[in-house]
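Peer 1: You'll find start-v1.cif just under this line, and it carries mmCIF, C-alpha atoms.
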data_coords
#
loop_
_atom_site.label_atom_id
_atom_site.label_comp_id
_atom_site.auth_asym_id
_atom_site.auth_seq_id
_atom_site.Cartn_x
_atom_site.Cartn_y
_atom_site.Cartn_z
CA MET A 1 -15.93 -6.42 -9.14
CA ASN A 2 -16.84 -2.96 -7.90
CA GLU A 3 -13.70 -0.86 -7.42
CA LYS A 4 -15.32 0.80 -4.40
CA LEU A 5 -14.98 -2.44 -2.46
CA HIS A 6 -11.21 -2.01 -2.61
CA THR A 7 -11.15 1.59 -1.39
CA LYS A 8 -9.42 1.86 1.98
CA SER A 9 -10.58 4.54 4.39
CA ILE A 10 -7.77 6.36 6.18
CA LEU A 11 -7.83 8.90 9.00
CA ILE A 12 -4.90 11.30 9.18
CA THR A 13 -4.38 13.17 12.45
CA GLY A 14 -2.20 16.28 12.68
CA ALA A 15 -2.63 16.78 8.94
CA GLY A 16 -1.74 20.48 9.14
CA GLY A 17 1.91 19.57 9.76
CA GLN A 18 4.48 19.08 7.05
CA LEU A 19 4.03 15.31 6.62
CA GLY A 20 0.24 15.64 6.44
CA GLN A 21 0.56 18.35 3.79
CA CYS A 22 3.02 16.23 1.79
CA ILE A 23 0.50 13.36 1.88
CA LYS A 24 -2.26 15.71 0.72
CA LYS A 25 -0.07 16.82 -2.19
CA ILE A 26 0.01 13.30 -3.65
CA GLU A 27 -3.38 11.90 -2.57
CA ASN A 28 -4.68 11.91 -6.18
CA ASP A 29 -1.94 9.42 -7.11
CA TYR A 30 -3.66 6.88 -4.82
CA PRO A 31 -7.28 6.49 -6.01
CA GLY A 32 -7.68 3.31 -3.91
CA LEU A 33 -7.16 5.29 -0.69
CA LYS A 34 -9.88 7.55 0.72
CA LEU A 35 -8.03 10.02 2.94
CA HIS A 36 -9.72 11.99 5.75
CA PHE A 37 -7.51 14.88 6.88
CA THR A 38 -7.92 16.28 10.40
CA ASP A 39 -5.95 18.75 12.49
CA SER A 40 -6.00 19.52 16.22
CA ASP A 41 -9.05 21.76 15.76
CA THR A 42 -11.16 19.03 14.14
CA LEU A 43 -9.67 16.08 16.05
CA ASP A 44 -7.82 16.56 19.33
CA ILE A 45 -6.12 13.23 20.05
CA THR A 46 -5.80 14.12 23.74
CA ASN A 47 -9.60 13.75 23.96
CA LYS A 48 -10.56 10.10 23.68
CA ASP A 49 -14.29 10.82 23.30
CA THR A 50 -13.60 12.94 20.23
CA ILE A 51 -11.62 10.10 18.63
CA GLN A 52 -14.44 7.65 19.43
CA ARG A 53 -16.98 9.92 17.73
CA PHE A 54 -14.87 10.01 14.55
CA PHE A 55 -14.82 6.22 14.44
CA VAL A 56 -18.54 5.87 15.08
CA ASP A 57 -19.25 8.06 12.03
CA LYS A 58 -16.69 6.39 9.75
CA MET A 59 -14.96 3.03 9.89
CA PHE A 60 -11.26 3.42 9.16
CA ASP A 61 -8.88 0.77 7.84
CA PHE A 62 -5.85 2.83 8.85
CA VAL A 63 -4.96 5.79 11.02
CA ILE A 64 -1.80 7.74 10.19
CA ASN A 65 -0.84 9.62 13.33
CA CYS A 66 1.05 12.76 12.33
CA ALA A 67 -0.17 14.62 15.44
CA ALA A 68 2.75 15.39 17.72
CA TYR A 69 4.26 17.91 20.06
CA THR A 70 7.53 18.55 18.21
CA ASN A 71 9.07 21.64 19.83
CA VAL A 72 12.15 20.03 21.37
CA GLU A 73 13.22 23.18 23.25
CA GLN A 74 9.77 24.05 24.62
CA ALA A 75 9.16 20.44 25.73
CA GLU A 76 11.81 20.90 28.43
CA LYS A 77 9.78 23.77 29.88
CA GLU A 78 6.35 22.12 29.58
CA PRO A 79 6.92 18.35 29.77
CA GLU A 80 3.29 17.68 30.74
CA LYS A 81 2.11 19.10 27.39
CA ALA A 82 4.63 17.01 25.44
CA PHE A 83 3.55 13.82 27.25
CA LEU A 84 -0.15 14.69 26.89
CA VAL A 85 0.12 14.70 23.09
CA ASN A 86 3.02 12.33 22.39
CA ALA A 87 2.13 9.68 24.97
CA GLU A 88 -1.44 9.98 26.34
CA GLY A 89 -2.90 11.09 22.99
CA VAL A 90 -1.19 8.18 21.27
CA LYS A 91 -2.54 5.82 23.94
CA HIS A 92 -6.10 7.04 23.25
CA LEU A 93 -5.60 6.52 19.49
CA ALA A 94 -4.21 3.03 20.05
CA GLU A 95 -7.13 2.05 22.31
CA VAL A 96 -9.72 3.22 19.78
CA CYS A 97 -7.83 1.54 16.90
CA GLU A 98 -7.79 -1.70 18.91
CA LYS A 99 -11.53 -1.47 19.53
CA TYR A 100 -12.33 -0.98 15.84
CA ASP A 101 -9.63 -3.31 14.42
CA THR A 102 -7.86 -0.41 12.69
CA THR A 103 -4.17 -0.46 11.79
CA LEU A 104 -2.20 2.43 13.31
CA ILE A 105 0.72 3.99 11.45
CA HIS A 106 2.56 6.15 13.95
CA ILE A 107 5.39 8.55 13.16
CA SER A 108 8.19 8.53 15.72
CA THR A 109 11.72 9.90 15.93
CA ASP A 110 15.47 9.30 16.02
CA TYR A 111 15.42 11.20 19.33
CA VAL A 112 14.38 8.02 21.17
CA PHE A 113 18.13 7.22 21.09
CA ASP A 114 20.88 8.78 23.21
CA GLY A 115 23.34 9.32 20.34
CA GLU A 116 26.21 7.47 22.01
CA LYS A 117 26.38 4.48 19.65
CA GLY A 118 28.38 6.20 16.92
CA SER A 119 26.98 4.04 14.11
CA PRO A 120 23.47 3.90 12.58
CA TYR A 121 20.72 2.75 14.93
CA THR A 122 18.74 -0.36 14.02
CA GLU A 123 15.23 -1.19 15.22
CA GLU A 124 16.79 -3.68 17.66
CA ASP A 125 18.90 -1.05 19.45
CA LEU A 126 17.72 -0.12 22.92
CA PRO A 127 16.14 3.35 23.07
CA ASN A 128 17.47 5.71 25.72
CA PRO A 129 16.11 9.23 25.15
CA ILE A 130 18.00 12.14 26.71
CA ASN A 131 15.41 14.91 26.40
CA VAL A 132 11.72 15.34 27.24
CA TYR A 133 10.64 15.23 23.60
CA GLY A 134 12.40 11.88 23.05
CA LYS A 135 11.05 10.47 26.32
CA SER A 136 7.47 11.46 25.44
CA LYS A 137 7.77 9.93 21.96
CA LEU A 138 9.15 6.69 23.38
CA ALA A 139 6.28 6.54 25.89
CA GLY A 140 3.87 6.78 22.93
CA GLU A 141 5.67 3.93 21.15
CA ARG A 142 5.41 1.75 24.27
CA TYR A 143 1.67 2.35 24.62
CA ILE A 144 1.16 1.25 21.00
CA GLN A 145 3.18 -1.93 21.56
CA GLU A 146 1.23 -2.76 24.72
CA ILE A 147 -2.22 -2.13 23.23
CA LEU A 148 -2.05 -3.07 19.54
CA GLU A 149 -1.01 -5.95 17.35
CA LYS A 150 -1.68 -4.15 14.06
CA TYR A 151 0.69 -1.19 14.03
CA PHE A 152 3.62 0.33 12.19
CA ILE A 153 5.85 2.62 14.23
CA ILE A 154 7.98 4.54 11.74
CA ARG A 155 10.93 6.39 13.20
CA THR A 156 12.27 9.17 11.03
CA SER A 157 14.81 11.98 11.38
CA TRP A 158 15.37 15.67 10.65
CA LEU A 159 12.16 16.04 8.61
CA TYR A 160 11.94 18.96 6.20
CA SER A 161 9.73 20.02 3.29
CA GLU A 162 8.28 23.09 1.63
CA PHE A 163 5.59 23.13 4.35
CA GLY A 164 5.55 24.22 7.99
CA HIS A 165 8.49 25.18 10.19
CA ASN A 166 11.71 23.31 9.53
CA PHE A 167 15.46 23.82 9.16
CA PHE A 168 15.30 23.84 5.35
CA LYS A 169 12.85 26.75 5.28
CA THR A 170 14.67 28.58 8.08
CA ILE A 171 17.97 28.55 6.17
CA LEU A 172 16.27 29.66 2.95
CA LYS A 173 14.61 32.54 4.80
CA LYS A 174 17.83 33.62 6.51
CA ALA A 175 19.63 33.51 3.16
CA GLU A 176 17.25 36.24 1.94
CA THR A 177 18.28 38.74 4.61
CA GLU A 178 21.63 37.73 6.14
CA LYS A 179 25.18 37.76 4.80
CA GLU A 180 26.64 35.31 7.30
CA LEU A 181 25.29 32.14 8.93
CA THR A 182 26.80 30.08 11.76
CA VAL A 183 25.61 26.48 11.96
CA THR A 184 26.57 23.67 14.32
CA THR A 185 28.67 20.61 13.47
CA GLY A 186 27.91 19.15 16.91
CA GLU A 187 25.11 16.81 15.80
CA THR A 188 25.04 14.19 13.06
CA GLY A 189 21.83 12.76 11.63
CA THR A 190 20.04 12.39 8.31
CA PRO A 191 17.93 15.13 6.72
CA THR A 192 14.74 13.45 5.49
CA ASN A 193 12.42 14.90 2.88
CA ALA A 194 8.84 14.57 4.18
CA ASN A 195 7.72 14.07 0.56
CA ASP A 196 9.69 10.80 0.44
CA LEU A 197 8.22 9.66 3.76
CA ALA A 198 4.70 10.54 2.55
CA SER A 199 5.14 8.33 -0.53
CA PHE A 200 6.46 5.46 1.59
CA VAL A 201 3.50 5.62 4.00
CA LEU A 202 0.89 5.67 1.21
CA GLU A 203 2.61 2.77 -0.58
CA LEU A 204 2.56 0.83 2.70
CA MET A 205 -1.23 1.14 2.91
CA LYS A 206 -1.79 0.59 -0.79
CA ASN A 207 0.11 -2.72 -0.59
CA ASP A 208 -1.73 -3.75 2.59
CA SER A 209 1.33 -5.13 4.34
CA SER A 210 0.82 -7.11 7.54
CA ASP A 211 4.51 -7.08 8.51
CA TYR A 212 3.74 -5.05 11.62
CA GLY A 213 6.33 -3.58 13.93
CA ILE A 214 8.92 -0.83 14.26
CA TYR A 215 10.71 0.48 11.16
CA HIS A 216 13.25 3.18 10.42
CA TYR A 217 12.70 5.48 7.45
CA SER A 218 15.00 8.36 6.60
CA ASN A 219 16.87 9.35 3.49
CA LEU A 220 20.26 7.65 3.19
CA GLY A 221 23.62 9.02 4.31
CA GLU A 222 24.49 11.31 7.18
CA ALA A 223 25.18 14.99 7.77
CA THR A 224 25.75 17.63 10.41
CA TRP A 225 23.41 20.63 10.49
CA TYR A 226 26.29 22.55 8.89
CA ASP A 227 26.45 20.04 5.99
CA PHE A 228 22.70 20.32 5.57
CA ALA A 229 22.83 24.14 5.52
CA LYS A 230 25.61 24.03 2.93
CA GLU A 231 23.50 21.88 0.59
CA ILE A 232 20.42 24.07 1.10
CA LEU A 233 22.41 27.15 0.09
CA LYS A 234 23.72 25.28 -2.95
CA PHE A 235 20.16 24.24 -3.85
CA SER A 236 19.00 27.87 -3.60
CA GLY A 237 21.97 29.20 -5.58
CA LYS A 238 23.12 31.29 -2.60
CA GLN A 239 26.32 29.42 -1.74
CA ASP A 240 28.53 32.22 -3.10
CA VAL A 241 26.50 35.03 -1.52
CA ILE A 242 26.30 33.76 2.07
CA LYS A 243 29.32 33.17 4.29
CA LEU A 244 28.68 29.90 6.13
CA GLU A 245 30.60 29.38 9.38
CA LYS A 246 30.91 26.25 11.54
CA THR A 247 30.52 26.07 15.29
CA GLU A 248 30.75 23.05 17.59
CA ASN A 249 29.23 24.81 20.57
CA TYR A 250 25.70 25.81 19.66
CA SER A 251 23.85 26.29 22.93
CA THR A 252 20.36 24.77 23.22
CA PHE A 253 18.12 24.33 26.24
CA ALA A 254 17.40 20.68 25.42
CA VAL A 255 20.25 18.20 25.28
CA ARG A 256 20.28 16.43 21.90
CA PRO A 257 21.80 13.16 20.63
CA LYS A 258 25.21 13.75 19.03
CA TYR A 259 24.71 10.96 16.50
CA SER A 260 21.20 9.79 15.57
CA VAL A 261 21.52 8.29 12.09
CA LEU A 262 18.93 5.55 11.51
CA ASP A 263 19.70 2.24 9.80
CA THR A 264 17.00 1.69 7.15
CA ALA A 265 18.12 -1.76 5.92
CA LYS A 266 15.15 -3.59 7.50
CA THR A 267 12.65 -1.18 5.90
CA GLU A 268 14.28 -1.51 2.47
CA ARG A 269 14.35 -5.30 2.74
CA MET A 270 10.84 -5.86 4.11
CA PHE A 271 9.05 -3.49 1.76
CA SER A 272 11.36 -3.66 -1.27
CA VAL A 273 11.75 0.11 -1.25
CA SER A 274 14.60 2.04 -2.77
CA ILE A 275 15.44 4.99 -0.52
CA ILE A 276 17.50 7.82 -2.00
CA GLU A 277 20.48 9.66 -0.54
CA TRP A 278 19.54 12.86 1.29
CA ARG A 279 21.42 15.18 -1.08
CA ASN A 280 19.48 13.76 -4.04
CA SER A 281 16.08 14.46 -2.54
CA PHE A 282 15.91 18.26 -2.77
CA ASP A 283 14.37 18.12 -6.26
CA LYS A 284 11.14 16.78 -4.71
CA ILE A 285 10.56 20.27 -3.39
CA LEU A 286 9.18 22.85 -5.79
CA LYS A 287 11.61 25.73 -6.06
#
As structure tokens, how would this structure be written, given the file I've shared?

Peer 2:
Amino acid sequence: MNEKLHTKSILITGAGGQLGQCIKKIENDYPGLKLHFTDSDTLDITNKDTIQRFFVDKMFDFVINCAAYTNVEQAEKEPEKAFLVNAEGVKHLAEVCEKYDTTLIHISTDYVFDGEKGSPYTEEDLPNPINVYGKSKLAGERYIQEILEKYFIIRTSWLYSEFGHNFFKTILKKAETEKELTVTTGETGTPTNANDLASFVLELMKNDSSDYGIYHYSNLGEATWYDFAKEILKFSGKQDVIKLEKTENYSTFAVRPKYSVLDTAKTERMFSVSIIEWRNSFDKILK
């Protein structure tokens, strides 16, 4: 049988972000997937007509929505922009996916929870976001659930990689110029390597699962931002050069969940995946 018949066509929105770039890095490992990378310049998800035109030209089996407004601080000052991308844009995508019978894989966040539980959040726990970013992401999730049957909402946490703007790269950069760093212990979550998430998403499409729904994917274990910074310095060989200080009171404009660790047991069980502990995932990043 012709191998081309098995090739799945996949649209990736927001591909200029770190997850999109991590997917691009490994696309050659998945010859059965034909990936179409778009960013906000080539495909603005807040414009439904633009999305429609993309689908008229090419029929997609899957859409991976990496497009998001992710600036948690700025979202408090411009909530309408956050909701335009994270809610209305997602609604447009879902409506077009529904029309063309396309499966939507949507990346969501641990920030849909309020952080008061004190133990890892499962997919059954009731979301209760406490900042604009979290509220806008939850609104996007709800649109998908209302409109689509064929969807995977994947909540992740504290994403980092060698690409884009993230805590990992910020600490590495500061370590080049500063002698002392002060990092908060006031929040606990799980640093998640976007390279691991990229592999999981591509495997999901390769295996053509129809176990639709909400899933949690993050690396295993938990950490404060201080713990994360400590490991980054160790990874970079700078732990003896930089003085790392703790603070509980790190002032931010947006209120953030104190504890947002995600329980990944359902994901591991349903997809037979082995997720690694967050400290063991640094080696995925090229030094």

Peer 1: Written as a list in words, which residues does the PyMOL selection byres ((chain A and resi 276) around 6) give for the file shown?

Peer 2: Asn219, Leu220, Ile275 and Glu277 of chain A

Peer 1: Convert the output of the PyMOL selection byres ((chain A and resi 59) around 10) on the shown file into explicit residues, formatted as a ChimeraX atom specification.

Peer 2: /A:8-11,54-58,60-62,100-102

Peer 1: Can you write just those residues out, C-alpha atoms, as a compact mmCIF listing (two decimals), in the coordinates of the input?

Peer 2:
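Written file, result-v8.txt:
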# COMPACT_ATOMS: atom_id res chain seq x y z
CA LYS A 8 -9.42 1.86 1.98
CA SER A 9 -10.58 4.54 4.39
CA ILE A 10 -7.77 6.36 6.18
CA LEU A 11 -7.83 8.90 9.00
CA PHE A 54 -14.87 10.01 14.55
CA PHE A 55 -14.82 6.22 14.44
CA VAL A 56 -18.54 5.87 15.08
CA ASP A 57 -19.25 8.06 12.03
CA LYS A 58 -16.69 6.39 9.75
CA PHE A 60 -11.26 3.42 9.16
CA ASP A 61 -8.88 0.77 7.84
CA PHE A 62 -5.85 2.83 8.85
CA TYR A 100 -12.33 -0.98 15.84
CA ASP A 101 -9.63 -3.31 14.42
CA THR A 102 -7.86 -0.41 12.69

Peer 1: Hey, what's within 10 Å of Tyr111 (chain A) if we count all atoms listed in the file and toss same-chain stuff fewer than 4 positions away? As a ChimeraX atom specification, please?

Peer 2: /A:72,115,127-135,137-138,155-158,256-257,259-261

Peer 1: Could you state the separation of CA of Ile105 (chain A) and CA of Ile153 (chain A) in Å, given to one decimal place?

Peer 2: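 Rounded to one decimal, the two atoms are 6.0 Å apart.
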
Peer 1: Using all atoms listed in the file, which of the listed residues (A:Thr185, A:Thr7, A:Asn71, A:Thr103) sits closest to Thr247 (chain A)?

Peer 2: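 Comparing A:Thr185, A:Thr7, A:Asn71, A:Thr103 against Thr247 (chain A), the winner is A:Thr185.
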
Peer 1: Measuring atom to atom with all atoms listed in the file, identify which of A:Gln21, A:Thr109, A:Gln239, A:Asn47 is nearest to Lys179 (chain A).

Peer 2: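 Answer, going by the shortest atom-to-atom distance: A:Gln239.
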
Peer 1: Can you give me, as number ranges by chain, the residues this file yields under the PyMOL selection byres ((chain A and resi 148) around 8)?

Peer 2: A: 94-95, 97-98, 144-147, 149-151

Peer 1: Excluding Lys230 (chain A) and its own-chain neighbours fewer than 6 positions away, which residues fall within 12 Å of it when counting only C-alpha atoms? Please give them as a ChimeraX atom specification.

Peer 2: /A:167-168,171-172,175,181-185,223-224,236-246,279

Peer 1: If you measure from CA of Pro79 (chain A) to CA of Gly189 (chain A), what distance in Å do you get, rounded to one decimal?

Peer 2: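 Taking CA of Pro79 (chain A) as the start and CA of Gly189 (chain A) as the end point, the length is 24.1 Å.
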
Peer 1: Closest to Leu43 (chain A) among A:Tyr69, A:Gly14, A:Thr170, A:Gly140, using all atoms listed in the file?

Peer 2: A:Gly14

Peer 1: Which polymer residues have any atom within 10 Å of an atom of Tyr217 (chain A), counting all atoms listed in the file, with same-chain residues fewer than 5 positions away left out, as a PyMOL selection string?

Peer 2: chain A and resi 107-110+154-157+192+196-197+200-201+262-268+275

Peer 1: Could you jot down the CA of Glu248 (chain A) to CA of Tyr226 (chain A) separation for me, Å, one decimal place?

Peer 2: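 Going from CA of Glu248 (chain A) over to CA of Tyr226 (chain A) covers 9.8 Å.
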
Peer 1: Using only C-alpha atoms, which of the listed residues (A:His165, A:Leu104, A:Asp49, A:Cys22) sits closest to Thr70 (chain A)?

Peer 2: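 Residue with the minimum atom-to-atom distance to Thr70 (chain A): A:His165.
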
Peer 1: Between A:Asp29, A:Lys173, A:Gln52, A:Phe37, single out the one closest to Lys99 (chain A), counting all atoms listed in the file.

Peer 2: A:Gln52

Peer 1: Which one is closest to Thr188 (chain A): A:Lys34, A:Lys117, A:Arg269, A:His92? Count all atoms listed in the file.

Peer 2: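 Of A:Lys34, A:Lys117, A:Arg269, A:His92, the one nearest Thr188 (chain A), counting all atoms listed in the file, is A:Lys117.
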
Peer 1: Would you list the residues near (-4.2, 2.8, -0.7), meaning any protein, DNA or RNA residue with an atom at most 8 Å from that point in file coordinates, counting all atoms listed in the file, as an mmCIF file with C-alpha atoms, in the frame of the given file?

Peer 2:
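point25.cif, written as the output of this step:
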data_model
loop_
_atom_site.group_PDB
_atom_site.id
_atom_site.type_symbol
_atom_site.label_atom_id
_atom_site.label_comp_id
_atom_site.auth_asym_id
_atom_site.auth_seq_id
_atom_site.Cartn_x
_atom_site.Cartn_y
_atom_site.Cartn_z
ATOM 1 C CA THR A 7 -11.150 1.590 -1.390
ATOM 2 C CA LYS A 8 -9.420 1.860 1.980
ATOM 3 C CA TYR A 30 -3.660 6.880 -4.820
ATOM 4 C CA PRO A 31 -7.280 6.490 -6.010
ATOM 5 C CA GLY A 32 -7.680 3.310 -3.910
ATOM 6 C CA LEU A 33 -7.160 5.290 -0.690
ATOM 7 C CA LYS A 34 -9.880 7.550 0.720
ATOM 8 C CA LEU A 202 0.890 5.670 1.210
ATOM 9 C CA GLU A 203 2.610 2.770 -0.580
ATOM 10 C CA LEU A 204 2.560 0.830 2.700
ATOM 11 C CA MET A 205 -1.230 1.140 2.910
ATOM 12 C CA LYS A 206 -1.790 0.590 -0.790
ATOM 13 C CA ASN A 207 0.110 -2.720 -0.590
ATOM 14 C CA ASP A 208 -1.730 -3.750 2.590
#

Peer 1: Neighbouring residues of Gly20 (chain A) were defined as those with any atom within 10 Å, considering all atoms listed in the file; residues of the same chain fewer than 6 positions away were excluded. Please report them as a list of chain:residue names.

Peer 2: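 In the requested format, the answer is A:Ile12, A:Thr13, A:Gly14, A:Phe37, A:Thr38, A:Asp39, A:Ile64, A:Asn65, A:Cys66, A:Ala67, A:Phe163, A:Ala194, A:Asn195, A:Ala198.
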
Peer 1: Please produce an output containing C-alpha atoms for each residue in the selection, written as a PDB file, in the coordinates of the input.

Peer 2:
ATOM      1  CA  ILE A  12      -4.900  11.300   9.180  1.00  0.00           C
ATOM      2  CA  THR A  13      -4.380  13.170  12.450  1.00  0.00           C
ATOM      3  CA  GLY A  14      -2.200  16.280  12.680  1.00  0.00           C
ATOM      4  CA  PHE A  37      -7.510  14.880   6.880  1.00  0.00           C
ATOM      5  CA  THR A  38      -7.920  16.280  10.400  1.00  0.00           C
ATOM      6  CA  ASP A  39      -5.950  18.750  12.490  1.00  0.00           C
ATOM      7  CA  ILE A  64      -1.800   7.740  10.190  1.00  0.00           C
ATOM      8  CA  ASN A  65      -0.840   9.620  13.330  1.00  0.00           C
ATOM      9  CA  CYS A  66       1.050  12.760  12.330  1.00  0.00           C
ATOM     10  CA  ALA A  67      -0.170  14.620  15.440  1.00  0.00           C
ATOM     11  CA  PHE A 163       5.590  23.130   4.350  1.00  0.00           C
ATOM     12  CA  ALA A 194       8.840  14.570   4.180  1.00  0.00           C
ATOM     13  CA  ASN A 195       7.720  14.070   0.560  1.00  0.00           C
ATOM     14  CA  ALA A 198       4.700  10.540   2.550  1.00  0.00           C
TER      15      ALA A 198
END
